[in-house]
Amino acid sequence: QVQLVESGGGLVQAGGSLSLSCAASGRTFSSYNMGWFRQAPGKEREFVAAIRWGGVGTKYADSVKGRFTISRDNAKYTVGLQMNSLKPEDTAVYYCAFGTIPFGRLGIAPYDYDYWGQGTQVTVSS
């Protein structure tokens, strides 16, 4: 059983930065892709960023490309999301997600991940 615990959310003004972190346990972390998704009120959960199991290879949603950076530390079983130049439309609950199979393709759909954290709120004021 995989457990994911996010931290680092909060309130920030537009143009500011936040750093999210997700700590994983319960499975060999270094063998699985990791992702970040977000869900705003009244909207579906959407892909934000993903990183390959080995750390080489990332994908980003067009809306965050150039502003957000995903990273991972396989020794510490953590994945991070550095968010810069934040905009009010980035306001959402952000979820960390654990890939479904070891050494799998780097997917951007929710079905590519089978464990999810509880979410952390990010609010960007204008």
# chains A, B, ... in the order shown; residues from 1 in each chain; ligands from 1
>>> select_by_dssp(residues="segment 34-77 of chain A", states="strand (DSSP E or B)", output="list in words")
Met34, Gly35, Trp36, Phe37, Arg38, Gln39, Glu46, Phe47, Val48, Ala49, Ala50, Ile51, Thr58, Lys59, Tyr60, Phe68, Thr69, Ile70, Ser71, Arg72 and Asp73 of chain A
>>> write_last_selection(atoms="C-alpha atoms", output="mmCIF file, in the first residue's frame")
data_model
loop_
_atom_site.group_PDB
_atom_site.id
_atom_site.type_symbol
_atom_site.label_atom_id
_atom_site.label_comp_id
_atom_site.auth_asym_id
_atom_site.auth_seq_id
_atom_site.Cartn_x
_atom_site.Cartn_y
_atom_site.Cartn_z
ATOM 1 C CA MET A 34 5.332 10.430 -10.352
ATOM 2 C CA GLY A 35 2.898 13.156 -11.248
ATOM 3 C CA TRP A 36 1.175 16.283 -10.016
ATOM 4 C CA PHE A 37 -2.439 17.072 -10.816
ATOM 5 C CA ARG A 38 -4.739 19.836 -9.671
ATOM 6 C CA GLN A 39 -8.448 20.395 -9.294
ATOM 7 C CA GLU A 46 -6.177 18.164 -14.628
ATOM 8 C CA PHE A 47 -2.596 17.180 -15.319
ATOM 9 C CA VAL A 48 0.144 19.563 -14.201
ATOM 10 C CA ALA A 49 3.497 17.781 -14.456
ATOM 11 C CA ALA A 50 5.095 14.345 -14.428
ATOM 12 C CA ILE A 51 8.574 12.945 -14.008
ATOM 13 C CA THR A 58 9.500 15.289 -17.638
ATOM 14 C CA LYS A 59 6.209 16.475 -19.057
ATOM 15 C CA TYR A 60 4.242 19.637 -18.321
ATOM 16 C CA PHE A 68 6.643 25.134 -12.886
ATOM 17 C CA THR A 69 9.432 22.603 -12.370
ATOM 18 C CA ILE A 70 8.971 19.038 -11.182
ATOM 19 C CA SER A 71 11.817 17.182 -9.490
ATOM 20 C CA ARG A 72 12.378 14.052 -7.475
ATOM 21 C CA ASP A 73 14.820 12.665 -4.937
#
>>> residues_around(residues="segment 12-26 of chain A", least_positions_apart="3", cutoff="6 Å", atoms="only C-alpha atoms", output="PyMOL selection string")
chain A and resi 1-8+77-87+124-126
>>> closest_residue(among="A:Trp53, A:Tyr32, A:Arg27, A:Lys65", to="Ile101 of chain A", atoms="only C-alpha atoms")
A:Tyr32
>>> closest_residue(among="A:Leu11, A:Glu89, A:Asp114, A:Gly119", to="Pro102 of chain A", atoms="only C-alpha atoms")
A:Asp114
>>> atom_distance(atom1="atom CA of Tyr111 of chain A", atom2="atom CA of Thr123 of chain A")
26.2 Å
>>> residues_around(residues="Gly9 of chain A", least_positions_apart="5", cutoff="6 Å", atoms="only C-alpha atoms", output="PyMOL selection string")
chain A and resi 120-122
>>> closest_residue(among="A:Thr100, A:Thr28, A:Asn33, A:Thr91", to="Lys76 of chain A", atoms="only C-alpha atoms")
A:Thr28
>>> decode(residues="segment 54-88 of chain A", atoms="C-alpha atoms", output="PDB file, in the first residue's frame")
ATOM      1  CA  GLY A  54      14.738   7.695 -13.115  1.00  0.00           C
ATOM      2  CA  GLY A  55      14.327  11.453 -12.976  1.00  0.00           C
ATOM      3  CA  VAL A  56      15.361  12.007 -16.592  1.00  0.00           C
ATOM      4  CA  GLY A  57      12.307  12.950 -18.567  1.00  0.00           C
ATOM      5  CA  THR A  58       9.500  15.289 -17.638  1.00  0.00           C
ATOM      6  CA  LYS A  59       6.209  16.475 -19.057  1.00  0.00           C
ATOM      7  CA  TYR A  60       4.242  19.637 -18.321  1.00  0.00           C
ATOM      8  CA  ALA A  61       0.832  21.003 -19.086  1.00  0.00           C
ATOM      9  CA  ASP A  62       1.039  23.888 -21.534  1.00  0.00           C
ATOM     10  CA  SER A  63      -0.506  26.184 -18.946  1.00  0.00           C
ATOM     11  CA  VAL A  64       2.436  25.761 -16.546  1.00  0.00           C
ATOM     12  CA  LYS A  65       5.334  25.193 -18.927  1.00  0.00           C
ATOM     13  CA  GLY A  66       8.174  27.582 -18.176  1.00  0.00           C
ATOM     14  CA  ARG A  67       6.777  28.454 -14.749  1.00  0.00           C
ATOM     15  CA  PHE A  68       6.643  25.134 -12.886  1.00  0.00           C
ATOM     16  CA  THR A  69       9.432  22.603 -12.370  1.00  0.00           C
ATOM     17  CA  ILE A  70       8.971  19.038 -11.182  1.00  0.00           C
ATOM     18  CA  SER A  71      11.817  17.182  -9.490  1.00  0.00           C
ATOM     19  CA  ARG A  72      12.378  14.052  -7.475  1.00  0.00           C
ATOM     20  CA  ASP A  73      14.820  12.665  -4.937  1.00  0.00           C
ATOM     21  CA  ASN A  74      14.752   8.880  -5.150  1.00  0.00           C
ATOM     22  CA  ALA A  75      16.938   8.506  -2.087  1.00  0.00           C
ATOM     23  CA  LYS A  76      14.455  10.470   0.012  1.00  0.00           C
ATOM     24  CA  TYR A  77      11.291   9.154  -1.673  1.00  0.00           C
ATOM     25  CA  THR A  78      10.111  12.655  -2.446  1.00  0.00           C
ATOM     26  CA  VAL A  79       8.808  14.543  -5.441  1.00  0.00           C
ATOM     27  CA  GLY A  80       8.604  18.307  -5.589  1.00  0.00           C
ATOM     28  CA  LEU A  81       6.872  20.974  -7.622  1.00  0.00           C
ATOM     29  CA  GLN A  82       8.421  24.427  -7.755  1.00  0.00           C
ATOM     30  CA  MET A  83       5.819  26.957  -8.882  1.00  0.00           C
ATOM     31  CA  ASN A  84       6.947  30.404 -10.008  1.00  0.00           C
ATOM     32  CA  SER A  85       5.112  33.361 -11.533  1.00  0.00           C
ATOM     33  CA  LEU A  86       1.883  32.095 -10.071  1.00  0.00           C
ATOM     34  CA  LYS A  87      -1.408  33.286 -11.500  1.00  0.00           C
ATOM     35  CA  PRO A  88      -4.897  33.366  -9.975  1.00  0.00           C
TER      36      PRO A  88
END
